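This is query.cif (mmCIF, C-alpha atoms, pLDDT in the B column; chains and numbers go by the auth columns).
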```
data_query
#
loop_
_atom_site.group_PDB
_atom_site.id
_atom_site.type_symbol
_atom_site.label_atom_id
_atom_site.label_comp_id
_atom_site.label_asym_id
_atom_site.label_seq_id
_atom_site.Cartn_x
_atom_site.Cartn_y
_atom_site.Cartn_z
_atom_site.B_iso_or_equiv
_atom_site.auth_seq_id
_atom_site.auth_asym_id
ATOM 1 C CA MET A 1 159.498 41.926 175.066 63.00 194 A
ATOM 2 C CA HIS A 2 157.234 42.656 172.139 87.00 195 A
ATOM 3 C CA ARG A 3 157.678 40.414 169.096 89.00 196 A
ATOM 4 C CA SER A 4 158.334 43.388 166.803 92.00 197 A
ATOM 5 C CA ALA A 5 161.190 44.489 169.077 94.00 198 A
ATOM 6 C CA VAL A 6 162.655 40.982 168.906 94.00 199 A
ATOM 7 C CA PHE A 7 162.367 41.078 165.111 95.00 200 A
ATOM 8 C CA ALA A 8 164.048 44.491 164.902 96.00 201 A
ATOM 9 C CA ALA A 9 166.872 43.351 167.167 96.00 202 A
ATOM 10 C CA LEU A 10 167.441 40.134 165.221 96.00 203 A
ATOM 11 C CA LEU A 11 167.320 41.959 161.897 96.00 204 A
ATOM 12 C CA GLY A 12 169.905 44.468 163.081 97.00 205 A
ATOM 13 C CA LEU A 13 172.112 41.713 164.438 97.00 206 A
ATOM 14 C CA THR A 14 171.922 39.557 161.306 95.00 207 A
ATOM 15 C CA ARG A 15 172.568 42.651 159.130 96.00 208 A
ATOM 16 C CA ALA A 16 175.668 43.454 161.178 97.00 209 A
ATOM 17 C CA GLY A 17 176.815 39.823 160.977 97.00 210 A
ATOM 18 C CA SER A 18 176.230 39.863 157.228 96.00 211 A
ATOM 19 C CA THR A 19 178.343 42.947 156.665 95.00 212 A
ATOM 20 C CA ILE A 20 181.141 41.629 158.854 97.00 213 A
ATOM 21 C CA GLY A 21 181.000 38.233 157.110 96.00 214 A
ATOM 22 C CA ASP A 22 180.897 39.723 153.622 95.00 215 A
ATOM 23 C CA PHE A 23 183.566 42.376 153.974 94.00 216 A
ATOM 24 C CA TRP A 24 185.869 41.456 156.870 96.00 217 A
ATOM 25 C CA ILE A 25 185.725 37.667 157.112 98.00 218 A
ATOM 26 C CA GLN A 26 185.504 36.731 153.420 97.00 219 A
ATOM 27 C CA SER A 27 188.966 36.014 152.052 97.00 220 A
ATOM 28 C CA ASP A 28 190.324 37.808 149.016 96.00 221 A
ATOM 29 C CA PHE A 29 190.552 34.424 147.286 97.00 222 A
ATOM 30 C CA CYS A 30 186.861 33.640 147.848 97.00 223 A
ATOM 31 C CA ALA A 31 185.783 37.140 146.802 96.00 224 A
ATOM 32 C CA ARG A 32 187.627 36.859 143.503 96.00 225 A
ATOM 33 C CA VAL A 33 187.103 33.170 142.660 97.00 226 A
ATOM 34 C CA LYS A 34 183.515 32.454 143.823 97.00 227 A
ATOM 35 C CA GLY A 35 182.099 33.345 140.389 96.00 228 A
ATOM 36 C CA ALA A 36 184.615 31.310 138.388 97.00 229 A
ATOM 37 C CA SER A 37 183.463 28.739 135.850 97.00 230 A
ATOM 38 C CA ASP A 38 185.120 26.620 133.200 98.00 231 A
ATOM 39 C CA ASP A 39 183.618 28.939 130.562 97.00 232 A
ATOM 40 C CA HIS A 40 184.740 32.048 132.490 96.00 233 A
ATOM 41 C CA PRO A 41 187.865 31.063 134.447 97.00 234 A
ATOM 42 C CA VAL A 42 189.344 33.450 136.973 97.00 235 A
ATOM 43 C CA THR A 43 193.036 34.138 137.318 98.00 236 A
ATOM 44 C CA TYR A 44 193.935 34.759 140.934 98.00 237 A
ATOM 45 C CA GLN A 45 197.152 36.416 142.012 97.00 238 A
ATOM 46 C CA ASP A 46 198.103 35.712 145.608 95.00 239 A
ATOM 47 C CA PRO A 47 198.755 39.091 147.240 93.00 240 A
ATOM 48 C CA VAL A 48 201.624 37.704 149.340 94.00 241 A
ATOM 49 C CA THR A 49 203.473 35.404 146.944 95.00 242 A
ATOM 50 C CA GLU A 50 202.274 37.126 143.737 96.00 243 A
ATOM 51 C CA GLN A 51 201.850 33.679 142.194 97.00 244 A
ATOM 52 C CA GLU A 52 199.018 33.344 139.698 98.00 245 A
ATOM 53 C CA SER A 53 196.618 30.419 139.510 98.00 246 A
ATOM 54 C CA MET A 54 193.688 29.677 137.194 98.00 247 A
ATOM 55 C CA HIS A 55 190.302 28.601 138.585 98.00 248 A
ATOM 56 C CA GLY A 56 187.194 27.129 136.971 98.00 249 A
ATOM 57 C CA THR A 57 183.788 25.808 138.012 97.00 250 A
ATOM 58 C CA ALA A 58 184.870 23.424 140.783 98.00 251 A
ATOM 59 C CA ASP A 59 187.051 26.055 142.446 98.00 252 A
ATOM 60 C CA GLY A 60 184.363 28.704 142.009 98.00 253 A
ATOM 61 C CA ARG A 61 181.757 26.541 143.720 98.00 254 A
ATOM 62 C CA LYS A 62 184.191 25.637 146.490 98.00 255 A
ATOM 63 C CA ALA A 63 185.173 29.281 147.069 98.00 256 A
ATOM 64 C CA CYS A 64 181.516 30.347 147.159 98.00 257 A
ATOM 65 C CA LEU A 65 180.675 27.516 149.556 98.00 258 A
ATOM 66 C CA GLN A 66 183.568 28.451 151.846 98.00 259 A
ATOM 67 C CA HIS A 67 182.494 32.100 151.806 98.00 260 A
ATOM 68 C CA CYS A 68 178.856 31.266 152.560 98.00 261 A
ATOM 69 C CA LEU A 69 179.872 28.976 155.431 98.00 262 A
ATOM 70 C CA THR A 70 181.999 31.691 157.053 98.00 263 A
ATOM 71 C CA TYR A 71 179.267 34.262 156.298 98.00 264 A
ATOM 72 C CA ALA A 72 176.560 32.188 158.011 97.00 265 A
ATOM 73 C CA ALA A 73 178.878 31.340 160.914 98.00 266 A
ATOM 74 C CA THR A 74 179.601 35.045 161.398 98.00 267 A
ATOM 75 C CA GLN A 75 175.881 35.809 161.390 97.00 268 A
ATOM 76 C CA ALA A 76 175.308 33.034 163.922 97.00 269 A
ATOM 77 C CA VAL A 77 178.008 34.349 166.256 98.00 270 A
ATOM 78 C CA VAL A 78 176.943 38.006 166.007 97.00 271 A
ATOM 79 C CA ALA A 79 173.204 37.296 166.250 97.00 272 A
ATOM 80 C CA GLY A 80 173.694 34.700 168.988 96.00 273 A
ATOM 81 C CA ALA A 81 175.901 36.920 171.128 97.00 274 A
ATOM 82 C CA GLY A 82 173.688 39.951 170.544 96.00 275 A
ATOM 83 C CA ALA A 83 170.497 38.063 171.318 96.00 276 A
ATOM 84 C CA ARG A 84 172.025 36.722 174.510 95.00 277 A
ATOM 85 C CA ALA A 85 173.129 40.230 175.538 96.00 278 A
ATOM 86 C CA LEU A 86 169.612 41.534 174.856 95.00 279 A
ATOM 87 C CA GLY A 87 167.946 38.695 176.760 95.00 280 A
ATOM 88 C CA ILE A 88 166.392 37.118 173.665 95.00 281 A
ATOM 89 C CA LYS A 89 166.194 33.338 173.443 95.00 282 A
ATOM 90 C CA VAL A 90 165.903 32.231 169.828 95.00 283 A
ATOM 91 C CA HIS A 91 164.329 28.816 169.257 95.00 284 A
ATOM 92 C CA PRO A 92 167.050 26.482 167.902 96.00 285 A
ATOM 93 C CA VAL A 93 164.949 25.236 164.971 96.00 286 A
ATOM 94 C CA ALA A 94 164.058 28.800 163.997 96.00 287 A
ATOM 95 C CA ALA A 95 167.732 29.822 164.235 96.00 288 A
ATOM 96 C CA VAL A 96 168.827 26.941 161.985 97.00 289 A
ATOM 97 C CA ALA A 97 166.026 27.677 159.490 97.00 290 A
ATOM 98 C CA ALA A 98 166.933 31.381 159.400 97.00 291 A
ATOM 99 C CA LEU A 99 170.618 30.626 158.851 97.00 292 A
ATOM 100 C CA ALA A 100 169.717 28.098 156.135 98.00 293 A
ATOM 101 C CA VAL A 101 167.693 30.755 154.277 97.00 294 A
ATOM 102 C CA SER A 102 170.539 33.233 154.624 97.00 295 A
ATOM 103 C CA PHE A 103 173.150 30.679 153.534 98.00 296 A
ATOM 104 C CA GLY A 104 171.176 29.354 150.551 97.00 297 A
ATOM 105 C CA THR A 105 170.125 32.712 149.161 97.00 298 A
ATOM 106 C CA HIS A 106 173.624 34.105 149.676 97.00 299 A
ATOM 107 C CA TYR A 107 175.173 31.219 147.731 98.00 300 A
ATOM 108 C CA ALA A 108 172.609 31.626 144.932 97.00 301 A
ATOM 109 C CA ALA A 109 173.439 35.317 144.600 96.00 302 A
ATOM 110 C CA ASP A 110 177.204 35.072 144.994 96.00 303 A
ATOM 111 C CA ARG A 111 177.819 32.431 142.296 95.00 304 A
ATOM 112 C CA ARG A 112 177.990 35.280 139.783 92.00 305 A
ATOM 113 C CA VAL A 113 179.014 33.333 136.701 93.00 306 A
ATOM 114 C CA PRO A 114 178.846 35.850 133.830 92.00 307 A
ATOM 115 C CA GLY A 115 175.647 35.366 131.845 92.00 308 A
ATOM 116 C CA LYS A 116 174.429 32.601 134.176 93.00 309 A
ATOM 117 C CA GLY A 117 174.260 34.133 137.649 94.00 310 A
ATOM 118 C CA LEU A 118 170.878 34.365 139.364 96.00 311 A
ATOM 119 C CA LEU A 119 171.022 38.094 140.067 95.00 312 A
ATOM 120 C CA GLU A 120 172.144 38.914 136.543 95.00 313 A
ATOM 121 C CA LYS A 121 169.261 36.842 135.145 96.00 314 A
ATOM 122 C CA ILE A 122 166.730 38.510 137.463 97.00 315 A
ATOM 123 C CA ALA A 123 168.123 41.963 136.679 96.00 316 A
ATOM 124 C CA THR A 124 167.917 41.309 132.940 96.00 317 A
ATOM 125 C CA LYS A 125 164.348 39.954 133.129 97.00 318 A
ATOM 126 C CA THR A 126 163.162 42.897 135.231 97.00 319 A
ATOM 127 C CA GLY A 127 164.711 45.563 133.030 97.00 320 A
ATOM 128 C CA LYS A 128 167.621 46.210 135.413 96.00 321 A
ATOM 129 C CA GLY A 129 170.299 44.619 133.216 95.00 322 A
ATOM 130 C CA GLY A 130 171.837 47.976 132.387 95.00 323 A
ATOM 131 C CA PHE A 131 172.008 48.883 136.066 94.00 324 A
ATOM 132 C CA TYR A 132 173.483 45.475 136.910 94.00 325 A
ATOM 133 C CA THR A 133 176.376 46.077 134.511 93.00 326 A
ATOM 134 C CA LEU A 134 176.828 49.741 135.502 92.00 327 A
ATOM 135 C CA ALA A 135 180.317 50.383 136.810 90.00 328 A
ATOM 136 C CA SER A 136 180.881 54.096 136.483 86.00 329 A
ATOM 137 C CA HIS A 137 180.354 57.368 138.325 80.00 330 A
ATOM 138 C CA GLY A 138 181.316 55.580 141.564 80.00 331 A
ATOM 139 C CA ILE A 139 178.403 53.160 141.254 81.00 332 A
ATOM 140 C CA ASN A 140 178.542 49.407 140.819 91.00 333 A
ATOM 141 C CA GLY A 141 175.073 48.180 139.960 91.00 334 A
ATOM 142 C CA ALA A 142 175.795 44.495 140.615 90.00 335 A
ATOM 143 C CA PHE A 143 177.017 45.357 144.121 92.00 336 A
ATOM 144 C CA HIS A 144 173.894 47.384 144.929 92.00 337 A
ATOM 145 C CA LEU A 145 171.517 44.760 143.571 93.00 338 A
ATOM 146 C CA ASP A 146 173.457 42.093 145.487 94.00 339 A
ATOM 147 C CA SER A 147 173.150 44.116 148.705 93.00 340 A
ATOM 148 C CA ALA A 148 169.421 44.665 148.194 94.00 341 A
ATOM 149 C CA TRP A 149 168.950 40.930 147.574 95.00 342 A
ATOM 150 C CA HIS A 150 170.797 40.040 150.776 95.00 343 A
ATOM 151 C CA HIS A 151 168.943 42.666 152.842 94.00 344 A
ATOM 152 C CA GLY A 152 165.620 41.318 151.662 95.00 345 A
ATOM 153 C CA TRP A 153 166.469 37.727 152.485 95.00 346 A
ATOM 154 C CA GLU A 154 167.997 38.723 155.834 95.00 347 A
ATOM 155 C CA THR A 155 164.640 40.281 156.659 95.00 348 A
ATOM 156 C CA VAL A 156 162.944 36.957 155.871 96.00 349 A
ATOM 157 C CA ALA A 157 165.569 35.144 157.966 95.00 350 A
ATOM 158 C CA ALA A 158 165.004 37.532 160.886 95.00 351 A
ATOM 159 C CA LEU A 159 161.261 36.918 160.669 95.00 352 A
ATOM 160 C CA ILE A 160 161.919 33.173 160.775 94.00 353 A
ATOM 161 C CA ALA A 161 164.309 33.556 163.721 93.00 354 A
ATOM 162 C CA THR A 162 161.632 35.533 165.577 93.00 355 A
ATOM 163 C CA THR A 163 159.328 32.504 165.462 90.00 356 A
ATOM 164 C CA LYS A 164 158.912 31.175 169.009 88.00 357 A
ATOM 165 C CA ALA A 165 161.572 33.567 170.328 91.00 358 A
ATOM 166 C CA THR A 166 161.199 34.400 174.004 88.00 359 A
ATOM 167 C CA THR A 167 162.896 36.645 176.505 82.00 360 A
ATOM 168 C CA ARG A 168 165.106 35.414 179.296 75.00 361 A
#
```

Output the structure of this file as structure tokens.
Amino acid sequence: MHRSAVFAALLGLTRAGSTIGDFWIQSDFCARVKGASDDHPVTYQDPVTEQESMHGTADGRKACLQHCLTYAATQAVVAGAGARALGIKVHPVAAVAALAVSFGTHYAADRRVPGKGLLEKIATKTGKGGFYTLASHGINGAFHLDSAWHHGWETVAALIATTKATTR
């Protein structure tokens, strides 16, 4: 199998795993609390019990960590199963390195503390601050910039995973 075909397959698989991990596996709690800080606490209302709780920095970091762990695990399962089905053997060190890149960059992007988050800072410095804060006309700029960030890093992770990959 040609290396570019292996890359394309792994990119597609990690992208699918990312979407599943971000939107189906991530809990409502993690989605809402992962950007919490002591300066910008988040009030969470449990959808079942309707009880409210307040969350700061420690809970925000913990929620983001939990989300990124389930996100990376989902990518590992989807990419691993897909690679096996396609007859691709990913080198274990390359797989771990790729998942580490995906995990680390996902955490950095998803700790969206208002005024302090990495993506907000990058958007502001590159003249995209207005787009980042856009939330009208059916568009959410932060969501789109977040998605573009993840897609870019997933491409890097897929390139890493392709290193020393072989066919079965």

**Residues within 8 Å of Thr250 of chain A, all atoms listed in the file, excluding chain neighbours under 3 positions, as a list of chain:residue names** =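 In the requested form, the answer reads A:Ala229, A:Ser230, A:Asp231, A:Pro234, A:Gly253, A:Arg254.
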
Residue subset to file, keeping C-alpha atoms, as a short mmCIF file (atom, residue, chain, number, x, y, z; two decimals), in the coordinates of the input:
```cif
data_model
loop_
_atom_site.label_atom_id
_atom_site.label_comp_id
_atom_site.auth_asym_id
_atom_site.auth_seq_id
_atom_site.Cartn_x
_atom_site.Cartn_y
_atom_site.Cartn_z
CA ALA A 229 184.62 31.31 138.39
CA SER A 230 183.46 28.74 135.85
CA ASP A 231 185.12 26.62 133.20
CA PRO A 234 187.86 31.06 134.45
CA GLY A 253 184.36 28.70 142.01
CA ARG A 254 181.76 26.54 143.72
#
```

**For Arg208 of chain A: contacts at 10 Å, all atoms listed in the file, fewer than 5 positions along chain excluded, given as a PyMOL selection string** = chain A and resi 202-203+213-214+268+271-272+343-344+347-348+351

**Item:** Shortest interatomic distance to Val199 of chain A - which of A:Thr212, A:Thr360, A:Thr267, A:Ala293, counting only C-alpha atoms
**Value:**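 Among the listed residues, the smallest separation from Val199 of chain A belongs to A:Thr360.
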
**Item:** Counting all atoms listed in the file, the option among A:Cys261, A:Ala350, A:Thr326, A:Phe216 closest to Leu292 of chain A
**Value:**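 Of all the options, A:Ala350 lies closest to Leu292 of chain A.
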
**Message:** If the PyMOL selection byres ((chain A and resi 236) around 6) were run on this exact file, what residues would it hold? Put them as a ChimeraX atom specification.
**Reply:** /A:235,237,246-247

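Rounded to one decimal, atom CA of Lys309 of chain A and atom CA of Ser329 of chain A lie 22.6 Å from each other.
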
**Request:** Please indicate the distance in Å from atom CA of Val294 of chain A to atom CA of Glu313 of chain A, rounded to one decimal place.
**Result:** 20.0 Å

**Item:** Chain and number of each residue from the PyMOL selection byres ((chain A and resi 255) around 12), as a PyMOL selection string
**Value:** chain A and resi 222-224+226-230+248-254+256-262+300+303-304
